[in-house]
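Chemist: Here you go, run25.tsv (TSV, C-alpha atoms):
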```tsv
chain	number	residue	atom	x	y	z
G	86	TYR	CA	131.87	96.30	98.67
G	87	LEU	CA	129.16	97.14	96.13
G	88	PRO	CA	128.75	95.40	92.75
G	89	LEU	CA	129.40	96.99	89.36
G	90	ALA	CA	125.66	96.79	88.71
G	91	THR	CA	124.81	99.02	91.69
G	92	ASP	CA	123.31	101.91	89.71
G	93	THR	CA	121.10	99.57	87.70
G	94	LEU	CA	120.00	97.75	90.85
G	95	VAL	CA	119.11	101.06	92.51
G	96	ALA	CA	117.14	102.25	89.48
G	97	CYS	CA	115.29	98.93	89.27
G	98	ALA	CA	114.46	99.05	92.98
G	99	ILE	CA	112.99	102.53	92.56
G	100	ALA	CA	111.03	101.49	89.48
G	101	ARG	CA	109.61	98.39	91.19
G	102	GLU	CA	108.51	100.48	94.17
G	103	ILE	CA	106.75	102.90	91.84
G	104	ALA	CA	105.12	100.12	89.80
G	105	ALA	CA	103.71	98.63	92.99
G	106	ALA	CA	101.94	101.90	93.75
G	107	TYR	CA	100.94	103.28	90.34
G	108	PRO	CA	99.40	101.80	87.16
G	109	VAL	CA	102.54	101.82	85.02
G	110	HIS	CA	104.40	99.20	83.01
G	111	LEU	CA	108.08	98.45	83.53
G	112	LEU	CA	110.47	98.23	80.60
G	113	PRO	CA	113.74	96.27	80.88
G	114	PRO	CA	116.62	98.34	82.27
G	115	VAL	CA	119.25	99.99	80.12
G	116	THR	CA	122.28	98.59	81.90
G	117	ILE	CA	125.12	100.39	80.10
G	118	SER	CA	125.14	104.17	79.92
G	119	CYS	CA	127.54	107.11	80.42
G	120	SER	CA	130.10	106.18	83.09
G	121	HIS	CA	133.17	107.67	81.45
G	122	GLU	CA	134.26	109.37	84.67
G	123	HIS	CA	134.80	105.89	86.16
G	124	ALA	CA	137.01	104.64	83.32
G	125	ALA	CA	140.05	104.33	85.62
G	126	TRP	CA	138.46	101.28	87.27
G	127	PRO	CA	138.50	98.00	85.32
G	128	GLY	CA	135.08	96.66	84.44
G	129	THR	CA	133.59	100.07	83.66
G	130	VAL	CA	131.75	99.98	80.34
G	131	SER	CA	130.19	103.08	78.76
G	132	ILE	CA	128.35	104.21	75.68
G	133	SER	CA	128.47	107.77	74.36
G	134	SER	CA	125.87	110.36	75.33
G	135	VAL	CA	124.86	110.48	71.66
G	136	THR	CA	124.17	106.74	71.72
G	137	LEU	CA	122.18	106.89	74.96
G	138	HIS	CA	120.17	109.80	73.59
G	139	ALA	CA	119.38	107.80	70.44
G	140	VAL	CA	118.45	104.67	72.39
G	141	VAL	CA	115.96	106.51	74.59
G	142	ARG	CA	114.43	108.42	71.69
G	143	ASP	CA	114.08	105.23	69.64
G	144	ILE	CA	112.36	103.48	72.54
G	145	ALA	CA	110.02	106.43	73.01
G	146	GLU	CA	109.14	106.44	69.32
G	147	SER	CA	108.46	102.69	69.37
G	148	LEU	CA	106.15	103.15	72.33
G	149	ARG	CA	104.36	106.04	70.63
G	150	ARG	CA	103.62	103.87	67.60
G	151	SER	CA	102.09	101.33	69.99
G	152	GLY	CA	99.87	103.93	71.59
G	153	VAL	CA	101.98	104.51	74.70
G	154	GLU	CA	102.16	108.27	75.07
G	155	ALA	CA	104.12	108.71	78.31
G	156	LEU	CA	107.61	107.60	79.31
G	157	VAL	CA	109.36	108.14	82.64
G	158	LEU	CA	113.12	107.69	82.78
G	159	VAL	CA	114.19	106.39	86.18
G	160	ASN	CA	117.85	107.31	86.40
G	161	GLY	CA	120.26	105.62	88.79
G	162	HIS	CA	123.50	107.27	87.64
G	163	GLY	CA	124.42	110.93	88.01
G	164	GLY	CA	126.67	110.85	84.95
G	165	ASN	CA	123.74	110.42	82.59
G	166	TYR	CA	123.46	114.17	82.05
G	167	VAL	CA	122.09	113.68	78.56
G	168	LEU	CA	118.81	112.29	79.88
G	169	GLY	CA	117.82	115.80	80.89
G	170	ASN	CA	118.27	116.88	77.28
G	171	VAL	CA	116.19	113.96	76.02
G	172	VAL	CA	113.31	114.95	78.27
G	173	GLN	CA	113.72	118.62	77.41
G	174	GLU	CA	113.56	117.84	73.69
G	175	SER	CA	110.50	115.61	74.04
G	176	ALA	CA	108.10	118.55	74.12
G	177	GLY	CA	105.91	118.31	71.04
G	178	SER	CA	107.27	114.88	70.07
G	179	GLY	CA	104.07	113.00	70.80
G	180	VAL	CA	105.53	111.30	73.88
G	181	ARG	CA	105.32	113.06	77.22
G	182	MET	CA	108.50	112.36	79.21
G	183	ALA	CA	109.76	112.89	82.73
G	184	LEU	CA	113.08	112.23	84.47
G	185	PHE	CA	112.94	110.79	87.98
G	186	PRO	CA	114.12	111.24	90.71
G	187	ALA	CA	115.08	114.93	90.81
G	188	PRO	CA	117.47	116.23	93.50
G	189	GLU	CA	114.44	117.59	95.36
G	190	ASP	CA	112.95	114.09	95.46
G	191	TRP	CA	116.18	112.70	96.89
G	192	ASP	CA	116.26	115.49	99.49
G	193	ALA	CA	112.74	114.65	100.64
G	194	ALA	CA	113.63	110.96	100.75
G	195	ARG	CA	116.81	111.67	102.73
G	196	ASP	CA	114.84	113.60	105.34
G	197	ARG	CA	112.23	110.88	105.71
G	198	ALA	CA	114.80	108.09	105.96
G	199	GLY	CA	117.08	109.93	108.38
G	200	VAL	CA	120.02	109.95	105.97
G	201	ARG	CA	122.70	112.13	107.52
G	202	THR	CA	124.99	112.65	104.51
G	203	SER	CA	124.21	115.57	102.18
G	204	LEU	CA	123.60	114.95	98.49
G	205	LEU	CA	126.88	116.74	97.76
G	206	SER	CA	128.89	114.43	100.00
G	207	ASP	CA	126.94	111.27	99.19
G	208	MET	CA	128.26	111.04	95.66
G	209	HIS	CA	129.22	107.39	95.06
G	210	ALA	CA	128.84	104.16	97.06
G	211	GLY	CA	127.78	106.19	100.08
G	212	GLU	CA	124.96	106.12	102.60
G	213	ILE	CA	122.10	106.16	100.08
G	214	GLU	CA	123.27	103.52	97.60
G	215	THR	CA	124.55	101.21	100.32
G	216	SER	CA	121.29	101.52	102.26
G	217	ILE	CA	119.16	100.67	99.23
G	218	LEU	CA	121.26	97.60	98.46
G	219	LEU	CA	121.25	96.50	102.10
G	220	HIS	CA	117.46	96.59	101.86
G	221	CYS	CA	116.97	95.04	98.40
G	222	HIS	CA	120.09	92.93	97.81
G	223	PRO	CA	121.98	92.40	101.09
G	224	GLU	CA	123.66	89.32	99.62
G	225	LEU	CA	125.51	91.59	97.17
G	226	VAL	CA	127.00	93.92	99.80
G	227	ARG	CA	130.44	92.74	100.86
G	228	PRO	CA	132.05	93.55	104.22
G	229	GLY	CA	134.00	96.79	104.25
G	230	TYR	CA	131.36	99.47	103.89
G	231	GLU	CA	131.50	100.03	107.64
G	232	THR	CA	135.07	101.38	107.45
G	233	THR	CA	135.38	103.03	104.02
G	234	ASP	CA	133.97	106.54	104.53
G	235	PHE	CA	135.63	109.18	102.36
G	236	ILE	CA	134.57	112.78	101.70
G	237	ALA	CA	135.63	114.88	98.70
G	238	ASP	CA	133.14	117.73	98.41
G	239	ASP	CA	135.23	119.88	96.06
G	240	ARG	CA	134.98	118.02	92.75
G	241	ARG	CA	134.86	120.95	90.37
G	242	HIS	CA	137.15	119.27	87.81
G	243	LEU	CA	135.42	115.89	87.88
G	244	LEU	CA	134.43	115.94	84.22
G	245	THR	CA	137.98	116.75	83.17
G	246	LEU	CA	139.92	114.47	85.52
G	247	GLY	CA	137.45	111.69	86.31
G	248	MET	CA	136.67	110.10	89.66
G	249	SER	CA	140.17	108.74	90.21
G	250	ALA	CA	141.41	112.29	90.85
G	251	TYR	CA	139.22	112.45	93.96
G	252	THR	CA	139.10	108.93	95.39
G	253	GLU	CA	141.36	105.90	95.28
G	254	THR	CA	138.63	103.43	96.20
G	255	GLY	CA	135.74	104.86	94.19
G	256	VAL	CA	133.92	105.76	97.40
G	257	ILE	CA	132.79	109.34	98.02
G	258	GLY	CA	130.36	109.35	100.92
G	259	ARG	CA	129.70	107.79	104.31
G	260	PRO	CA	128.57	104.20	103.77
G	261	SER	CA	129.20	103.42	107.45
G	262	LEU	CA	125.90	105.19	108.19
G	263	ALA	CA	123.91	102.93	105.85
G	264	SER	CA	121.17	100.58	106.99
G	265	ALA	CA	118.50	98.41	105.41
G	266	GLU	CA	115.77	100.40	107.18
G	267	LYS	CA	117.04	103.63	105.63
G	268	GLY	CA	116.95	101.92	102.23
G	269	LYS	CA	113.34	100.88	102.78
G	270	GLN	CA	112.31	104.38	103.79
G	271	LEU	CA	114.18	105.98	100.89
G	272	LEU	CA	112.27	103.87	98.37
G	273	ALA	CA	108.93	104.51	100.08
G	274	ALA	CA	109.53	108.25	100.04
G	275	LEU	CA	110.50	108.23	96.37
G	276	ALA	CA	107.31	106.35	95.53
G	277	ASP	CA	105.32	109.06	97.28
G	278	SER	CA	107.22	111.79	95.38
G	279	PHE	CA	106.36	110.10	92.10
G	280	GLN	CA	102.69	111.10	92.46
G	281	ALA	CA	103.42	114.54	91.04
G	282	TYR	CA	105.21	113.05	88.03
G	283	PHE	CA	102.42	110.58	87.37
G	284	SER	CA	99.87	113.40	87.42
G	285	LEU	CA	101.91	115.22	84.76
G	286	VAL	CA	102.61	112.38	82.34
G	287	ALA	CA	99.29	110.53	82.72
G	288	PRO	CA	96.79	113.13	83.98
G	289	ASP	CA	93.72	111.17	82.87
G	290	GLU	CA	94.81	108.09	84.79
G	291	ALA	CA	95.78	110.14	87.82
G	292	ASP	CA	92.34	111.76	87.88
G	293	SER	CA	90.46	108.49	87.47
G	294	GLY	CA	92.68	106.38	89.72
G	295	ALA	CA	92.37	103.54	87.18
G	296	ALA	CA	94.75	100.60	87.29
G	297	GLY	CA	96.36	98.80	84.39
G	298	THR	CA	96.73	101.81	82.10
G	299	ASP	CA	98.19	101.19	78.68
G	300	ASP	CA	99.44	104.73	78.05
G	301	SER	CA	102.42	105.06	80.39
G	302	ALA	CA	105.68	103.19	80.71
G	303	MET	CA	108.89	103.43	82.69
G	304	GLU	CA	112.42	102.90	81.48
G	305	HIS	CA	115.06	102.48	84.14
G	306	GLY	CA	118.72	101.70	84.36
G	307	SER	CA	122.18	102.91	85.17
```
Show how you would write the structure in this file as structure tokens.
Modeler:
Amino acid sequence: YLPLATDTLVACAIAREIAAAYPVHLLPPVTISCSHEHAAWPGTVSISSVTLHAVVRDIAESLRRSGVEALVLVNGHGGNYVLGNVVQESAGSGVRMALFPAPEDWDAARDRAGVRTSLLSDMHAGEIETSILLHCHPELVRPGYETTDFIADDRRHLLTLGMSAYTETGVIGRPSLASAEKGKQLLAALADSFQAYFSLVAPDEADSGAAGTDDSAMEHGS
């Protein structure tokens, strides 16, 4: 009931919400990343973690040469573990990086929006993703989310076996609890949480409150 582009759509929705509230520039989304755990479902396309790492670092270096000294990676897919390494390795590179949202940001957003499913249970196509799409792209949500709840909290061998070992449909979560209003509140809460990140990557702009800064950018995608 959700499109293959869901993770990209979620990341873009978060990035647009942030860009409406802070003086940042949006880069085009990276739409193909590390979804190897979903390979059992036709239509899944992935690149290696090494490739994604190189793409992000090359983009950061290009921005640095243009005078853009801060880059925030807005991640919409939990399988992109390598993005944490990219940000970790950015110290001293000349580009200050951050990865957003963190689990703590999602927890705060869940509380504000009244999301009832835990982050552990809401793993894929659940209450959060379905709510955001119901808010931003209701035309892309097909019927069926109301009756497709499935919980699989013990996924300790996910990286070895892939998603198909834990769900036949690809759903792990409770999409029946989703609503457009929850999606709206989730995005608003994430935009508020971004203030701390903006203060870290662009402290001069955060202090001055200036709009239209040229020294920060945001890359977002699946």
Chemist: Between G:Leu275, G:Leu111, G:Ala265, G:Val256, which has the minimum distance to Tyr86 (chain G) (counting only C-alpha atoms)?
Modeler: G:Val256
Chemist: Pick out the closest residue to Ala124 (chain G) from this set: G:Ser216, G:Ser249, G:Thr254, G:Ser284. Count all atoms listed in the file.
Modeler: G:Ser249
Chemist: Which polymer residues have any atom within 10 Å of an atom of Ser278 (chain G), counting all atoms listed in the file, with same-chain residues fewer than 2 positions away left out, as a compact mmCIF listing (two decimals) with C-alpha atoms, keeping the file's coordinate frame?
Modeler:
```
# COMPACT_ATOMS: atom_id res chain seq x y z
CA ILE G 103 106.75 102.90 91.84
CA PHE G 185 112.94 110.79 87.98
CA PRO G 186 114.12 111.24 90.71
CA ALA G 187 115.08 114.93 90.81
CA GLU G 189 114.44 117.59 95.36
CA ASP G 190 112.95 114.09 95.46
CA TRP G 191 116.18 112.70 96.89
CA ALA G 193 112.74 114.65 100.64
CA ALA G 194 113.63 110.96 100.75
CA LEU G 272 112.27 103.87 98.37
CA ALA G 273 108.93 104.51 100.08
CA ALA G 274 109.53 108.25 100.04
CA LEU G 275 110.50 108.23 96.37
CA ALA G 276 107.31 106.35 95.53
CA GLN G 280 102.69 111.10 92.46
CA ALA G 281 103.42 114.54 91.04
CA TYR G 282 105.21 113.05 88.03
CA PHE G 283 102.42 110.58 87.37
```
Chemist: Residues of region 97-138 of chain G that have any atom at most 12 Å from an atom of region 145-151 of chain G: could you tabulate them with the shortest-distance atom pair and the distance in Å to one decimal, using only C-alpha atoms, ordered by chain and increasing number, as JSON lines?
Modeler:
```
{"residue": "G:His110", "atom": "CA", "partner": "G:Leu148", "partner_atom": "CA", "distance": 11.5}
{"residue": "G:Leu112", "atom": "CA", "partner": "G:Leu148", "partner_atom": "CA", "distance": 10.5}
{"residue": "G:His138", "atom": "CA", "partner": "G:Ala145", "partner_atom": "CA", "distance": 10.7}
```
Chemist: With distances taken over only C-alpha atoms, which residue among G:Val153, G:Gln270, G:Pro188, G:Val159 lies nearest Arg101 (chain G)?
Modeler: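 Residue with the minimum atom-to-atom distance to Arg101 (chain G): G:Val159.
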Chemist: Nearest to Ala139 (chain G): which of G:Val171, G:Val109, G:Leu205, G:Asp277 is it, counting all atoms listed in the file?
Modeler: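 When distances to Ala139 (chain G) are compared using all atoms listed in the file, the smallest one comes from G:Val171.
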Chemist: To one decimal place, how far is CA of Thr93 (chain G) from CA of Val115 (chain G) in Å?
Modeler: 7.8 Å
Chemist: Compile the contact shell of Leu244 (chain G) as a list in words: residues with an atom at most 9 Å away, counting only C-alpha atoms, same-chain residues fewer than 4 positions apart removed.
Modeler: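 Within the cut-off, the hits are His121, Glu122, Arg240 and Met248 of chain G.
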